[in-house]
Amino acid sequence: MDYTNRVILITGASSGIGRAVAVALGRYNNDIFITARRKRLLDETAKLVMAHGSRCYPIVGDALDEAYCASVVGHIVDKFKRIDIALLNIGGGPPSNTLTVSAKVVKECMRSNYDTMINFFCPLIGQMKKQTTKCLIAQTNSLATYFGIPMQGDYTAAKAAGRIFLETARMELRHFGYKHVLIQTIHPGFVDTEKSRNDGIPEPNVISEEKSAEYILKGFRKEWLENRFPASMSAAVRFGRIVPYGFRTRVLLGETPKDY
Ligand SMILES: NC(=O)c1ccc[n+]([C@@H]2O[C@H](COP(=O)([O-])OP(=O)(O)OC[C@H]3O[C@@H](n4cnc5c(N)ncnc54)[C@H](OP(=O)(O)O)[C@@H]3O)[C@@H](O)[C@H]2O)c1
């Protein structure tokens with residue numbers, strides 16, 4: 001999927017990976033709509049994007065609000081009649097312990113990673129089905145989506161739910177003949193964002209936000225169904241998926257601190 005002269009939506013672009021992707025796409029003469037709750041930071045992202053020659057339109061709001069998400073999609077369509085690329089990027093996974101966590105925290109994690117995605121996905125897919133040119137919905141998922149990981153139980157579950165929903169959507173787009181709509185899940189390993197830097201979760205092979213944006217743009221260009229990076233972490237996860245459960249558990253617990 002070419003990402004030049006496009007109408008693009010990036011959710012969760014006030015910091016981290018979303019901001020880095022917005023800035024990277026700013027180099028390609030795009031119209032980029034960005035969302036998040038923190039207005040000041042979102043406006044700063046917009047300035048960075050525009051400094052690279054694209055147009056940028058911040059729309060502040062909480063993606064847990066279904067009506068707000070629908071209005072963002074409606075606003076873009078009113079203005080441009082189409083959306084070419086949507087990166088659904090909102091989420092996060094502070095460390096947690098399945099043996100002590102409250103139901104409230106687990107559900108908040110699901111809401112932050114899954115509900116925010118669905119709130120944008122539903123109006124987006126309704127719109128994109130009507131379009132006739134190629135378009136893409138991508139979600140920032142995680143390499144922590146394929147099996148349970150200590151300290152990340154609620155997060156891995158929320159990301160797995162998103163991945164499986166989108167996999168099904170991809171099948172149904174094909175089934176119902178909407179071949180022009182692409183669905184991609186993006187699976188970063190550890191990315192050095194302000195949020196993740198000091199959260200206490202070990203971060204082997206961590207990469208910068210800018211590097212993650214490079215990988216994400218490459219994935220758009222190649223139209224991969226799943227974009228996993230960096231290669232070292234992707235290989236480790238591939239290995240982890242095929243080894244016996246007992247072996248995987250021993251390796252993961254070997255990396256897990258005792259005090260959380
Ligand atoms: N960092 C990593 O190592 C890593 C690895 C794999 C996957 N990921 C995934 O990458 C994505 C981005 O993470 P990040 O590390 O870049 O974290 P981040 O800097 O905290 O970015 C999260 C973004 O989502 C926005 N957001 C959160 N809740 C929102 C809500 N209810 N409504 C609207 N916006 C909301 C935040 O903005 P506001 O607070 O201003 O609303 C922020 O812009 C997440 O989905 C995360 O799971 C991260």
# chains A, B, ... in the order shown; residues from 1 in each chain; ligands from 1

$ residues_near_ligand --ligand "ligand 1" --cutoff "7 Å" --atoms "only C-alpha atoms and all ligand atoms" --output "ChimeraX atom specification"
/A:11-18,35-39,41-42,61-64,89-93,112-113,116,140-143,187-196

$ atom_distance --atom1 "atom CA of A:Thr249" --atom2 "atom CA of A:Cys109"
23.2 Å

$ select_by_dssp --residues "stretch 98-224 of chain A" --states "strand (DSSP E)" --output "MDAnalysis selection string"
chainID A and resid 135:140 181:188

$ closest_residue --among "A:Ile32, A:Ala51, A:Leu87, A:Ala236" --to "A:Val251" --atoms "only C-alpha atoms"
A:Ala236

$ closest_residue --among "A:Ile34, A:Ile118, A:Ala213, A:Val21" --to "A:Cys56" --atoms "only C-alpha atoms"
A:Ile34

$ closest_residue --among "A:Thr168, A:Asn198, A:Asn97, A:Asn30" --to "A:Gly148" --atoms "only C-alpha atoms"
A:Asn97

$ select_by_dssp --residues "stretch 84-171 of chain A" --states "alpha helix (DSSP H)" --output "ChimeraX atom specification"
/A:103-110,116-130,153-171

$ atom_distance --atom1 "atom CA of A:Phe120" --atom2 "atom CA of A:Ile183"
13.5 Å

$ closest_residue --among "A:Asn119, A:Pro94, A:Val77, A:Glu226" --to "A:Arg197" --atoms "only C-alpha atoms"
A:Pro94

$ closest_residue --among "A:Ile201, A:His180, A:Tyr114, A:Val60" --to "A:Ile164" --atoms "only C-alpha atoms"
A:Tyr114

$ closest_residue --among "A:Phe229, A:Tyr178, A:Phe247, A:Tyr155" --to "A:Tyr215" --atoms "only C-alpha atoms"
A:Phe229

$ atom_distance --atom1 "atom CA of A:Asn227" --atom2 "atom CA of A:Glu210"
16.0 Å
